[in-house]
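Remarks on the structure that follows.
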Amino acid sequence: MNDSQALARSISCLLDNTTPDATWGDFQVEWNPIITALTCKLLLSCGLSAETPWYIDRNGYTRCTLADSFKWLNNAIQPDGNFGTDFWDAAQLGIVIEKFSLGSRFTAHGSLKQHLTDAIHSRNFLSDHSPWQGPGFTAAAIEYARLLGDAKQAEALTKELVLQRHSKGYWHGHLDPSGAP
């Protein structure tokens with residue numbers, strides 16, 4: 001099997017595991033928004049367009065497109081711009097929207113963008129109460145700021161990220177009571 005065949009099989013597997021509402025998820029329902037956002041990012045990166053149809057067989061065939069997924073994701077953005085379980089989730093959706101120029105497909109894009117830029121400028125994302133909070137949040141903020149063309153914020157955040165690095169050269173998030181990351 002060559003690389004293109006492997007990629008085609010991987011994409012087929014993802015598409016076959018779409019829910020009838022054009023989303024992806026797992027047993028932790030609260031992760032469905034971020035899993036769907038990251039799956040859309042991957043599929044867009046592989047060349048699928050928003051209107052490329054595929055069909056799933058769940059008691060009859062259902063037609064799906066990434067445009068359907070975008071509608072679901074848009075509805076998952078809260079009025080205050082929050083999305084998913086934490087800043088990282090919101091930043092990932094913001095990255096997808098900006099990277100693939102999807103703003104016009106998301107009526108809630110303005111509130112998401114405002115939430116993210118406010119969190120980046122105020123550095124509120126650094127005090128996010130998520131158990132996952134750590135340097136990955138800063139890395140997501142850097143990528144989002146770069147996509148917005150905010151070189152000043154991206155440079156400042158990069159300097160802050162370098163300062164978060166452990167003396168042995170790696171990064172880690174919060175430590176549990178035993179001292180493990």
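Identifiers for the structure tokens are assigned positionally: chains receive A, B, ... in sequence, residues are indexed from 1 per chain, and ligands are indexed from 1 in the order shown.
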Run DSSP on the backbone and give me the residues of region 49-137 of chain A it puts in alpha helix (DSSP H), as a PyMOL selection string.
chain A and resi 66-76+87-99+109-122+135-137
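Using only C-alpha atoms, the contacts of region 109-117 of chain A at a cut-off of 9 Å, with sequence neighbours closer than 5 positions omitted, comprise Asn74, Ile77, Gln78, Pro79, Asp80, Gly81, Asn82, Phe83, Phe87, Ala90, Ala91, Leu93, Gly94, Ile97, Leu102, Gly103, Ser104, Ser122, Phe125, Ala141, Tyr144 and Ala145 of chain A.
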Output N, CA, C and O atoms for every residue in that selection, as a PDB file, in the first residue's frame.
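Saved to result-v9.pdb:
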ATOM      1  N   ASN A  74     -21.066  25.718  14.260  1.00  0.00           N
ATOM      2  CA  ASN A  74     -21.522  27.083  14.498  1.00  0.00           C
ATOM      3  C   ASN A  74     -22.524  27.129  15.646  1.00  0.00           C
ATOM      4  O   ASN A  74     -22.460  28.000  16.507  1.00  0.00           O
ATOM      5  N   ILE A  77     -21.082  27.081  19.181  1.00  0.00           N
ATOM      6  CA  ILE A  77     -20.434  28.286  19.722  1.00  0.00           C
ATOM      7  C   ILE A  77     -21.449  28.989  20.608  1.00  0.00           C
ATOM      8  O   ILE A  77     -22.556  29.306  20.181  1.00  0.00           O
ATOM      9  N   GLN A  78     -21.066  29.236  21.848  1.00  0.00           N
ATOM     10  CA  GLN A  78     -21.968  29.879  22.794  1.00  0.00           C
ATOM     11  C   GLN A  78     -22.053  31.375  22.510  1.00  0.00           C
ATOM     12  O   GLN A  78     -21.155  31.951  21.881  1.00  0.00           O
ATOM     13  N   PRO A  79     -23.102  32.045  22.972  1.00  0.00           N
ATOM     14  CA  PRO A  79     -23.254  33.480  22.696  1.00  0.00           C
ATOM     15  C   PRO A  79     -22.059  34.329  23.135  1.00  0.00           C
ATOM     16  O   PRO A  79     -21.749  35.329  22.494  1.00  0.00           O
ATOM     17  N   ASP A  80     -21.363  33.900  24.206  1.00  0.00           N
ATOM     18  CA  ASP A  80     -20.197  34.664  24.663  1.00  0.00           C
ATOM     19  C   ASP A  80     -18.919  34.291  23.914  1.00  0.00           C
ATOM     20  O   ASP A  80     -17.835  34.786  24.227  1.00  0.00           O
ATOM     21  N   GLY A  81     -19.023  33.406  22.915  1.00  0.00           N
ATOM     22  CA  GLY A  81     -17.868  33.018  22.116  1.00  0.00           C
ATOM     23  C   GLY A  81     -17.160  31.778  22.595  1.00  0.00           C
ATOM     24  O   GLY A  81     -16.254  31.286  21.907  1.00  0.00           O
ATOM     25  N   ASN A  82     -17.539  31.248  23.738  1.00  0.00           N
ATOM     26  CA  ASN A  82     -16.933  30.006  24.197  1.00  0.00           C
ATOM     27  C   ASN A  82     -17.302  28.865  23.269  1.00  0.00           C
ATOM     28  O   ASN A  82     -18.373  28.878  22.658  1.00  0.00           O
ATOM     29  N   PHE A  83     -16.421  27.879  23.217  1.00  0.00           N
ATOM     30  CA  PHE A  83     -16.666  26.706  22.386  1.00  0.00           C
ATOM     31  C   PHE A  83     -15.953  25.532  23.028  1.00  0.00           C
ATOM     32  O   PHE A  83     -14.803  25.661  23.471  1.00  0.00           O
ATOM     33  N   PHE A  87     -10.322  27.020  26.482  1.00  0.00           N
ATOM     34  CA  PHE A  87      -9.730  27.937  25.511  1.00  0.00           C
ATOM     35  C   PHE A  87      -9.113  27.193  24.335  1.00  0.00           C
ATOM     36  O   PHE A  87      -9.237  27.615  23.185  1.00  0.00           O
ATOM     37  N   ALA A  90     -11.689  26.265  21.792  1.00  0.00           N
ATOM     38  CA  ALA A  90     -12.143  27.453  21.065  1.00  0.00           C
ATOM     39  C   ALA A  90     -11.081  27.928  20.081  1.00  0.00           C
ATOM     40  O   ALA A  90     -11.393  28.279  18.935  1.00  0.00           O
ATOM     41  N   ALA A  91      -9.826  27.909  20.513  1.00  0.00           N
ATOM     42  CA  ALA A  91      -8.734  28.336  19.626  1.00  0.00           C
ATOM     43  C   ALA A  91      -8.621  27.413  18.416  1.00  0.00           C
ATOM     44  O   ALA A  91      -8.393  27.879  17.292  1.00  0.00           O
ATOM     45  N   LEU A  93     -11.018  25.732  16.906  1.00  0.00           N
ATOM     46  CA  LEU A  93     -12.072  26.069  15.954  1.00  0.00           C
ATOM     47  C   LEU A  93     -11.739  27.386  15.265  1.00  0.00           C
ATOM     48  O   LEU A  93     -11.907  27.516  14.049  1.00  0.00           O
ATOM     49  N   GLY A  94     -11.265  28.363  16.018  1.00  0.00           N
ATOM     50  CA  GLY A  94     -10.869  29.633  15.419  1.00  0.00           C
ATOM     51  C   GLY A  94      -9.786  29.443  14.369  1.00  0.00           C
ATOM     52  O   GLY A  94      -9.822  30.069  13.296  1.00  0.00           O
ATOM     53  N   ILE A  97     -11.368  28.028  11.197  1.00  0.00           N
ATOM     54  CA  ILE A  97     -12.127  29.066  10.484  1.00  0.00           C
ATOM     55  C   ILE A  97     -11.188  30.011   9.751  1.00  0.00           C
ATOM     56  O   ILE A  97     -11.405  30.335   8.574  1.00  0.00           O
ATOM     57  N   LEU A 102     -13.247  30.409   6.463  1.00  0.00           N
ATOM     58  CA  LEU A 102     -14.625  29.937   6.614  1.00  0.00           C
ATOM     59  C   LEU A 102     -15.519  30.908   7.378  1.00  0.00           C
ATOM     60  O   LEU A 102     -16.650  30.563   7.721  1.00  0.00           O
ATOM     61  N   GLY A 103     -15.042  32.106   7.658  1.00  0.00           N
ATOM     62  CA  GLY A 103     -15.802  33.046   8.475  1.00  0.00           C
ATOM     63  C   GLY A 103     -17.222  33.267   8.002  1.00  0.00           C
ATOM     64  O   GLY A 103     -18.146  33.368   8.809  1.00  0.00           O
ATOM     65  N   SER A 104     -17.433  33.310   6.697  1.00  0.00           N
ATOM     66  CA  SER A 104     -18.781  33.554   6.171  1.00  0.00           C
ATOM     67  C   SER A 104     -19.718  32.375   6.408  1.00  0.00           C
ATOM     68  O   SER A 104     -20.936  32.523   6.331  1.00  0.00           O
ATOM     69  N   SER A 122      -5.651  39.755  27.015  1.00  0.00           N
ATOM     70  CA  SER A 122      -5.667  39.852  28.482  1.00  0.00           C
ATOM     71  C   SER A 122      -4.867  38.741  29.154  1.00  0.00           C
ATOM     72  O   SER A 122      -4.601  38.793  30.340  1.00  0.00           O
ATOM     73  N   PHE A 125      -6.469  33.241  29.140  1.00  0.00           N
ATOM     74  CA  PHE A 125      -6.372  31.812  28.821  1.00  0.00           C
ATOM     75  C   PHE A 125      -5.325  31.112  29.691  1.00  0.00           C
ATOM     76  O   PHE A 125      -5.367  29.907  29.868  1.00  0.00           O
ATOM     77  N   ALA A 141      -2.753  29.857  21.050  1.00  0.00           N
ATOM     78  CA  ALA A 141      -2.912  31.314  20.986  1.00  0.00           C
ATOM     79  C   ALA A 141      -1.939  31.911  19.969  1.00  0.00           C
ATOM     80  O   ALA A 141      -2.302  32.826  19.219  1.00  0.00           O
ATOM     81  N   TYR A 144      -3.255  31.115  16.428  1.00  0.00           N
ATOM     82  CA  TYR A 144      -4.424  31.931  16.111  1.00  0.00           C
ATOM     83  C   TYR A 144      -4.014  33.377  15.836  1.00  0.00           C
ATOM     84  O   TYR A 144      -4.453  33.979  14.852  1.00  0.00           O
ATOM     85  N   ALA A 145      -3.151  33.941  16.691  1.00  0.00           N
ATOM     86  CA  ALA A 145      -2.691  35.321  16.495  1.00  0.00           C
ATOM     87  C   ALA A 145      -1.985  35.471  15.144  1.00  0.00           C
ATOM     88  O   ALA A 145      -2.190  36.457  14.430  1.00  0.00           O
TER      89      ALA A 145
END
Would you mind telling me which residue in A:Asp16, A:Asn75, A:Asp118, A:Thr85 lies nearest to Val29 (chain A) when using only C-alpha atoms?
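Between A:Asp16, A:Asn75, A:Asp118, A:Thr85, the residue approaching Val29 (chain A) most closely is A:Thr85.
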Residues near region 68-72 of chain A, anyone? I mean within 9 Å using only C-alpha atoms, not counting same-chain ones fewer than 4 positions away, as a list in words.
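So, after excluding close chain neighbours, the residues are Asp21, Ala22, Thr23, Pro33, Thr36, Ala37, Cys40, Ala50, Glu51, Cys64, Ala76, Leu102, Arg105 and Phe106 of chain A.
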Take the residues from that selection and write them out as an mmCIF file, in the first residue's frame, keeping N, CA, C and O atoms.
data_model
loop_
_atom_site.group_PDB
_atom_site.id
_atom_site.type_symbol
_atom_site.label_atom_id
_atom_site.label_comp_id
_atom_site.auth_asym_id
_atom_site.auth_seq_id
_atom_site.Cartn_x
_atom_site.Cartn_y
_atom_site.Cartn_z
ATOM 1 N N ASP A 21 -25.716 13.590 11.861
ATOM 2 C CA ASP A 21 -25.722 15.062 11.866
ATOM 3 C C ASP A 21 -24.365 15.641 11.449
ATOM 4 O O ASP A 21 -24.066 16.800 11.702
ATOM 5 N N ALA A 22 -23.533 14.814 10.789
ATOM 6 C CA ALA A 22 -22.247 15.240 10.215
ATOM 7 C C ALA A 22 -21.242 15.666 11.277
ATOM 8 O O ALA A 22 -20.505 16.624 11.113
ATOM 9 N N THR A 23 -21.219 14.921 12.382
ATOM 10 C CA THR A 23 -20.261 15.193 13.451
ATOM 11 C C THR A 23 -19.473 13.919 13.762
ATOM 12 O O THR A 23 -19.790 12.840 13.268
ATOM 13 N N PRO A 33 -17.613 18.511 20.165
ATOM 14 C CA PRO A 33 -17.290 19.712 19.380
ATOM 15 C C PRO A 33 -15.822 19.764 18.934
ATOM 16 O O PRO A 33 -15.548 20.028 17.765
ATOM 17 N N THR A 36 -15.057 17.056 16.322
ATOM 18 C CA THR A 36 -15.618 17.444 15.022
ATOM 19 C C THR A 36 -14.784 18.543 14.378
ATOM 20 O O THR A 36 -14.480 18.481 13.183
ATOM 21 N N ALA A 37 -14.382 19.541 15.148
ATOM 22 C CA ALA A 37 -13.570 20.633 14.599
ATOM 23 C C ALA A 37 -12.240 20.112 14.057
ATOM 24 O O ALA A 37 -11.821 20.480 12.952
ATOM 25 N N CYS A 40 -12.763 18.073 10.872
ATOM 26 C CA CYS A 40 -12.974 18.978 9.734
ATOM 27 C C CYS A 40 -11.646 19.563 9.274
ATOM 28 O O CYS A 40 -11.387 19.640 8.059
ATOM 29 N N ALA A 50 -15.998 22.071 1.235
ATOM 30 C CA ALA A 50 -17.174 22.148 2.110
ATOM 31 C C ALA A 50 -18.380 21.432 1.517
ATOM 32 O O ALA A 50 -19.221 20.922 2.250
ATOM 33 N N GLU A 51 -18.462 21.379 0.203
ATOM 34 C CA GLU A 51 -19.633 20.804 -0.450
ATOM 35 C C GLU A 51 -19.427 19.380 -0.958
ATOM 36 O O GLU A 51 -20.343 18.798 -1.535
ATOM 37 N N CYS A 64 -23.961 13.602 3.719
ATOM 38 C CA CYS A 64 -23.281 14.552 4.586
ATOM 39 C C CYS A 64 -22.289 15.377 3.778
ATOM 40 O O CYS A 64 -21.789 14.924 2.746
ATOM 41 N N ALA A 76 -22.651 25.174 18.073
ATOM 42 C CA ALA A 76 -21.991 24.818 19.330
ATOM 43 C C ALA A 76 -21.209 25.990 19.936
ATOM 44 O O ALA A 76 -20.739 25.901 21.061
ATOM 45 N N LEU A 102 -13.247 30.409 6.463
ATOM 46 C CA LEU A 102 -14.625 29.937 6.614
ATOM 47 C C LEU A 102 -15.519 30.908 7.378
ATOM 48 O O LEU A 102 -16.650 30.563 7.721
ATOM 49 N N ARG A 105 -19.178 31.204 6.706
ATOM 50 C CA ARG A 105 -20.008 30.021 6.962
ATOM 51 C C ARG A 105 -20.402 29.900 8.433
ATOM 52 O O ARG A 105 -21.165 29.009 8.790
ATOM 53 N N PHE A 106 -19.864 30.768 9.275
ATOM 54 C CA PHE A 106 -20.117 30.716 10.715
ATOM 55 C C PHE A 106 -20.717 32.044 11.162
ATOM 56 O O PHE A 106 -19.999 33.032 11.320
#
If you run DSSP over the backbone, which residues in region 52-160 of chain A end up strand (DSSP E)? Put them as a ChimeraX atom specification.
/A:54-57,61-64
Please list as a ChimeraX atom specification every residue within 12 Å of Leu42 (chain A), counting only C-alpha atoms and excluding residues in the same chain fewer than 2 positions away.
/A:7,10-11,14-15,35-40,44-49,66,92,96,99-100
I need the chosen residues saved as a PDB file, in the first residue's frame, with N, CA, C and O atoms.
ATOM      1  N   LEU A   7      -3.758   7.114   2.833  1.00  0.00           N
ATOM      2  CA  LEU A   7      -4.517   8.328   3.119  1.00  0.00           C
ATOM      3  C   LEU A   7      -5.984   8.153   2.724  1.00  0.00           C
ATOM      4  O   LEU A   7      -6.884   8.508   3.483  1.00  0.00           O
ATOM      5  N   SER A  10      -7.713   6.040   5.252  1.00  0.00           N
ATOM      6  CA  SER A  10      -7.916   6.786   6.501  1.00  0.00           C
ATOM      7  C   SER A  10      -9.090   7.743   6.376  1.00  0.00           C
ATOM      8  O   SER A  10      -9.927   7.841   7.276  1.00  0.00           O
ATOM      9  N   ILE A  11      -9.153   8.439   5.254  1.00  0.00           N
ATOM     10  CA  ILE A  11     -10.267   9.358   5.032  1.00  0.00           C
ATOM     11  C   ILE A  11     -11.586   8.587   4.976  1.00  0.00           C
ATOM     12  O   ILE A  11     -12.580   8.995   5.578  1.00  0.00           O
ATOM     13  N   LEU A  14     -12.694   7.780   8.450  1.00  0.00           N
ATOM     14  CA  LEU A  14     -13.275   8.946   9.120  1.00  0.00           C
ATOM     15  C   LEU A  14     -14.691   9.218   8.617  1.00  0.00           C
ATOM     16  O   LEU A  14     -15.607   9.452   9.406  1.00  0.00           O
ATOM     17  N   LEU A  15     -14.858   9.196   7.312  1.00  0.00           N
ATOM     18  CA  LEU A  15     -16.173   9.494   6.741  1.00  0.00           C
ATOM     19  C   LEU A  15     -17.195   8.430   7.127  1.00  0.00           C
ATOM     20  O   LEU A  15     -18.362   8.751   7.383  1.00  0.00           O
ATOM     21  N   ILE A  35     -13.649  17.251  18.712  1.00  0.00           N
ATOM     22  CA  ILE A  35     -13.362  16.132  17.802  1.00  0.00           C
ATOM     23  C   ILE A  35     -13.886  16.468  16.401  1.00  0.00           C
ATOM     24  O   ILE A  35     -13.198  16.236  15.400  1.00  0.00           O
ATOM     25  N   THR A  36     -15.057  17.056  16.322  1.00  0.00           N
ATOM     26  CA  THR A  36     -15.618  17.444  15.022  1.00  0.00           C
ATOM     27  C   THR A  36     -14.784  18.543  14.378  1.00  0.00           C
ATOM     28  O   THR A  36     -14.480  18.481  13.183  1.00  0.00           O
ATOM     29  N   ALA A  37     -14.382  19.541  15.148  1.00  0.00           N
ATOM     30  CA  ALA A  37     -13.570  20.633  14.599  1.00  0.00           C
ATOM     31  C   ALA A  37     -12.240  20.112  14.057  1.00  0.00           C
ATOM     32  O   ALA A  37     -11.821  20.480  12.952  1.00  0.00           O
ATOM     33  N   LEU A  38     -11.571  19.248  14.823  1.00  0.00           N
ATOM     34  CA  LEU A  38     -10.272  18.727  14.381  1.00  0.00           C
ATOM     35  C   LEU A  38     -10.417  17.779  13.185  1.00  0.00           C
ATOM     36  O   LEU A  38      -9.558  17.752  12.305  1.00  0.00           O
ATOM     37  N   THR A  39     -11.508  17.021  13.136  1.00  0.00           N
ATOM     38  CA  THR A  39     -11.749  16.154  11.986  1.00  0.00           C
ATOM     39  C   THR A  39     -11.997  17.001  10.741  1.00  0.00           C
ATOM     40  O   THR A  39     -11.477  16.687   9.660  1.00  0.00           O
ATOM     41  N   CYS A  40     -12.763  18.073  10.872  1.00  0.00           N
ATOM     42  CA  CYS A  40     -12.974  18.978   9.734  1.00  0.00           C
ATOM     43  C   CYS A  40     -11.646  19.563   9.274  1.00  0.00           C
ATOM     44  O   CYS A  40     -11.387  19.640   8.059  1.00  0.00           O
ATOM     45  N   LEU A  44     -10.320  19.007   5.522  1.00  0.00           N
ATOM     46  CA  LEU A  44     -10.041  20.165   4.682  1.00  0.00           C
ATOM     47  C   LEU A  44      -8.579  20.160   4.229  1.00  0.00           C
ATOM     48  O   LEU A  44      -8.282  20.463   3.069  1.00  0.00           O
ATOM     49  N   SER A  45      -7.679  19.789   5.125  1.00  0.00           N
ATOM     50  CA  SER A  45      -6.255  19.713   4.792  1.00  0.00           C
ATOM     51  C   SER A  45      -5.974  18.639   3.748  1.00  0.00           C
ATOM     52  O   SER A  45      -5.011  18.749   2.987  1.00  0.00           O
ATOM     53  N   CYS A  46      -6.812  17.621   3.712  1.00  0.00           N
ATOM     54  CA  CYS A  46      -6.665  16.538   2.723  1.00  0.00           C
ATOM     55  C   CYS A  46      -7.306  16.876   1.388  1.00  0.00           C
ATOM     56  O   CYS A  46      -7.239  16.087   0.452  1.00  0.00           O
ATOM     57  N   GLY A  47      -7.954  18.022   1.298  1.00  0.00           N
ATOM     58  CA  GLY A  47      -8.500  18.459   0.027  1.00  0.00           C
ATOM     59  C   GLY A  47     -10.002  18.381  -0.130  1.00  0.00           C
ATOM     60  O   GLY A  47     -10.525  18.750  -1.181  1.00  0.00           O
ATOM     61  N   LEU A  48     -10.731  17.899   0.884  1.00  0.00           N
ATOM     62  CA  LEU A  48     -12.185  17.900   0.769  1.00  0.00           C
ATOM     63  C   LEU A  48     -12.670  19.345   0.787  1.00  0.00           C
ATOM     64  O   LEU A  48     -12.131  20.180   1.516  1.00  0.00           O
ATOM     65  N   SER A  49     -13.674  19.623  -0.005  1.00  0.00           N
ATOM     66  CA  SER A  49     -14.267  20.958   0.023  1.00  0.00           C
ATOM     67  C   SER A  49     -15.490  20.914   0.935  1.00  0.00           C
ATOM     68  O   SER A  49     -15.961  19.835   1.309  1.00  0.00           O
ATOM     69  N   LEU A  66     -19.100  18.672   4.664  1.00  0.00           N
ATOM     70  CA  LEU A  66     -18.464  19.472   5.708  1.00  0.00           C
ATOM     71  C   LEU A  66     -19.291  20.722   6.010  1.00  0.00           C
ATOM     72  O   LEU A  66     -19.278  21.207   7.141  1.00  0.00           O
ATOM     73  N   GLN A  92      -8.806  26.119  18.615  1.00  0.00           N
ATOM     74  CA  GLN A  92      -8.712  25.181  17.487  1.00  0.00           C
ATOM     75  C   GLN A  92      -9.801  25.458  16.449  1.00  0.00           C
ATOM     76  O   GLN A  92      -9.536  25.429  15.246  1.00  0.00           O
ATOM     77  N   VAL A  96      -9.270  26.734  12.541  1.00  0.00           N
ATOM     78  CA  VAL A  96      -9.896  26.119  11.366  1.00  0.00           C
ATOM     79  C   VAL A  96     -10.602  27.190  10.535  1.00  0.00           C
ATOM     80  O   VAL A  96     -10.444  27.251   9.306  1.00  0.00           O
ATOM     81  N   LYS A  99      -7.812  29.595   9.009  1.00  0.00           N
ATOM     82  CA  LYS A  99      -6.912  28.925   8.069  1.00  0.00           C
ATOM     83  C   LYS A  99      -7.589  28.612   6.740  1.00  0.00           C
ATOM     84  O   LYS A  99      -6.979  28.709   5.678  1.00  0.00           O
ATOM     85  N   PHE A 100      -8.860  28.245   6.799  1.00  0.00           N
ATOM     86  CA  PHE A 100      -9.583  27.857   5.594  1.00  0.00           C
ATOM     87  C   PHE A 100     -10.588  28.925   5.133  1.00  0.00           C
ATOM     88  O   PHE A 100     -11.452  28.642   4.309  1.00  0.00           O
TER      89      PHE A 100
END
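Shortest separation to Thr65 (chain A) among A:Asn32, A:Leu163, A:Thr107, A:Pro53 occurs at residue A:Pro53, atoms counted being only C-alpha atoms.
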Contacts of Asp128 (chain A) at 10 Å (only C-alpha atoms; same-chain gap of 3+ positions) as an mmCIF file with N, CA, C and O atoms, in the first residue's frame:
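What follows is the written file part.cif:
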data_model
loop_
_atom_site.group_PDB
_atom_site.id
_atom_site.type_symbol
_atom_site.label_atom_id
_atom_site.label_comp_id
_atom_site.auth_asym_id
_atom_site.auth_seq_id
_atom_site.Cartn_x
_atom_site.Cartn_y
_atom_site.Cartn_z
ATOM 1 N N ASP A 86 -12.832 24.333 26.766
ATOM 2 C CA ASP A 86 -11.832 25.276 27.270
ATOM 3 C C ASP A 86 -11.282 26.156 26.147
ATOM 4 O O ASP A 86 -11.714 26.062 24.997
ATOM 5 N N PHE A 87 -10.322 27.020 26.482
ATOM 6 C CA PHE A 87 -9.730 27.937 25.511
ATOM 7 C C PHE A 87 -9.113 27.193 24.335
ATOM 8 O O PHE A 87 -9.237 27.615 23.185
ATOM 9 N N TRP A 88 -8.417 26.091 24.600
ATOM 10 C CA TRP A 88 -7.745 25.358 23.528
ATOM 11 C C TRP A 88 -8.751 24.907 22.478
ATOM 12 O O TRP A 88 -8.512 25.053 21.283
ATOM 13 N N ALA A 119 -9.208 36.967 25.173
ATOM 14 C CA ALA A 119 -8.437 36.047 26.028
ATOM 15 C C ALA A 119 -6.944 36.146 25.747
ATOM 16 O O ALA A 119 -6.122 36.074 26.673
ATOM 17 N N ARG A 123 -4.528 37.701 28.364
ATOM 18 C CA ARG A 123 -3.837 36.495 28.859
ATOM 19 C C ARG A 123 -4.712 35.695 29.824
ATOM 20 O O ARG A 123 -4.229 34.893 30.606
ATOM 21 N N ASN A 124 -6.046 35.888 29.749
ATOM 22 C CA ASN A 124 -6.972 35.125 30.589
ATOM 23 C C ASN A 124 -6.871 33.628 30.338
ATOM 24 O O ASN A 124 -7.161 32.829 31.223
ATOM 25 N N PHE A 125 -6.469 33.241 29.140
ATOM 26 C CA PHE A 125 -6.372 31.812 28.821
ATOM 27 C C PHE A 125 -5.325 31.112 29.691
ATOM 28 O O PHE A 125 -5.367 29.907 29.868
ATOM 29 N N PRO A 131 -8.318 21.204 33.307
ATOM 30 C CA PRO A 131 -7.209 20.347 33.749
ATOM 31 C C PRO A 131 -6.144 20.190 32.663
ATOM 32 O O PRO A 131 -5.039 19.748 32.933
ATOM 33 N N TRP A 132 -6.464 20.593 31.435
ATOM 34 C CA TRP A 132 -5.527 20.479 30.316
ATOM 35 C C TRP A 132 -4.714 21.747 30.126
ATOM 36 O O TRP A 132 -3.835 21.795 29.267
ATOM 37 N N GLN A 133 -5.002 22.794 30.907
ATOM 38 C CA GLN A 133 -4.342 24.081 30.713
ATOM 39 C C GLN A 133 -2.830 23.920 30.838
ATOM 40 O O GLN A 133 -2.335 23.254 31.732
ATOM 41 N N GLY A 134 -2.115 24.546 29.928
ATOM 42 C CA GLY A 134 -0.661 24.481 29.947
ATOM 43 C C GLY A 134 -0.095 25.121 28.695
ATOM 44 O O GLY A 134 -0.759 25.927 28.039
ATOM 45 N N PHE A 137 -1.994 25.637 25.356
ATOM 46 C CA PHE A 137 -2.907 26.767 25.227
ATOM 47 C C PHE A 137 -2.167 27.961 24.620
ATOM 48 O O PHE A 137 -2.691 28.650 23.761
#
Tell me, in Å to one decimal, how far CA of Thr19 (chain A) is from CA of Asp57 (chain A).
9.8 Å
In Å, with one decimal, what is the gap from CA of Val162 (chain A) to CA of Ile34 (chain A)?
26.3 Å
Which residues, written as a compact mmCIF listing (two decimals) with N, CA, C and O atoms, in the first residue's frame, have at least one atom at most 12 Å from Gln164 (chain A), with only C-alpha atoms counted and residues fewer than 3 positions away on the same chain left out?
# COMPACT_ATOMS: atom_id res chain seq x y z
N LEU A 126 -4.40 31.89 30.25
CA LEU A 126 -3.36 31.30 31.11
C LEU A 126 -3.92 30.87 32.47
O LEU A 126 -3.29 30.08 33.17
N GLY A 134 -2.12 24.55 29.93
CA GLY A 134 -0.66 24.48 29.95
C GLY A 134 -0.09 25.12 28.70
O GLY A 134 -0.76 25.93 28.04
N PRO A 135 1.13 24.76 28.32
CA PRO A 135 1.79 25.40 27.19
C PRO A 135 1.08 25.19 25.85
O PRO A 135 1.22 25.99 24.94
N GLY A 136 0.28 24.13 25.73
CA GLY A 136 -0.48 23.92 24.51
C GLY A 136 -1.49 25.04 24.28
O GLY A 136 -1.80 25.37 23.13
N PHE A 137 -1.99 25.64 25.36
CA PHE A 137 -2.91 26.77 25.23
C PHE A 137 -2.17 27.96 24.62
O PHE A 137 -2.69 28.65 23.76
N THR A 138 -0.93 28.19 25.08
CA THR A 138 -0.13 29.29 24.55
C THR A 138 0.21 29.03 23.09
O THR A 138 0.14 29.94 22.26
N ALA A 139 0.55 27.79 22.75
CA ALA A 139 0.86 27.46 21.36
C ALA A 139 -0.36 27.70 20.46
O ALA A 139 -0.22 28.23 19.35
N LEU A 157 3.76 36.16 22.68
CA LEU A 157 3.35 34.84 23.17
C LEU A 157 4.46 33.81 22.96
O LEU A 157 4.66 32.93 23.82
N THR A 158 5.17 33.91 21.86
CA THR A 158 6.28 32.97 21.61
C THR A 158 7.35 33.14 22.68
O THR A 158 7.88 32.15 23.21
N LYS A 159 7.66 34.37 23.03
CA LYS A 159 8.64 34.63 24.11
C LYS A 159 8.14 34.04 25.43
O LYS A 159 8.92 33.45 26.18
N GLU A 160 6.84 34.20 25.70
CA GLU A 160 6.26 33.65 26.93
C GLU A 160 6.32 32.12 26.91
O GLU A 160 6.60 31.50 27.94
N LEU A 161 6.07 31.52 25.76
CA LEU A 161 6.11 30.07 25.66
C LEU A 161 7.52 29.54 25.91
O LEU A 161 7.70 28.55 26.61
N SER A 167 13.71 23.32 32.26
CA SER A 167 15.16 23.47 32.06
C SER A 167 15.76 22.33 31.24
O SER A 167 16.82 22.49 30.63
N LYS A 168 15.09 21.18 31.19
CA LYS A 168 15.60 20.05 30.40
C LYS A 168 15.12 20.11 28.95
O LYS A 168 15.41 19.22 28.17
N GLY A 169 14.38 21.18 28.59
CA GLY A 169 14.02 21.40 27.21
C GLY A 169 12.63 20.99 26.78
O GLY A 169 12.29 21.08 25.62
N TYR A 170 11.78 20.57 27.68
CA TYR A 170 10.43 20.16 27.31
C TYR A 170 9.41 21.02 28.05
O TYR A 170 9.76 21.77 28.96
N TRP A 171 8.18 20.92 27.60
CA TRP A 171 7.08 21.64 28.24
C TRP A 171 6.14 20.63 28.89
O TRP A 171 6.05 19.49 28.44
N HIS A 172 5.45 21.03 29.93
CA HIS A 172 4.38 20.21 30.51
C HIS A 172 3.35 21.13 31.14
O HIS A 172 3.64 22.26 31.48
N GLY A 173 2.16 20.60 31.28
CA GLY A 173 1.07 21.35 31.88
C GLY A 173 1.08 21.22 33.39
O GLY A 173 2.12 20.99 34.00
N HIS A 174 -0.10 21.31 33.96
CA HIS A 174 -0.24 21.21 35.41
C HIS A 174 0.26 19.85 35.89
O HIS A 174 0.18 18.85 35.18
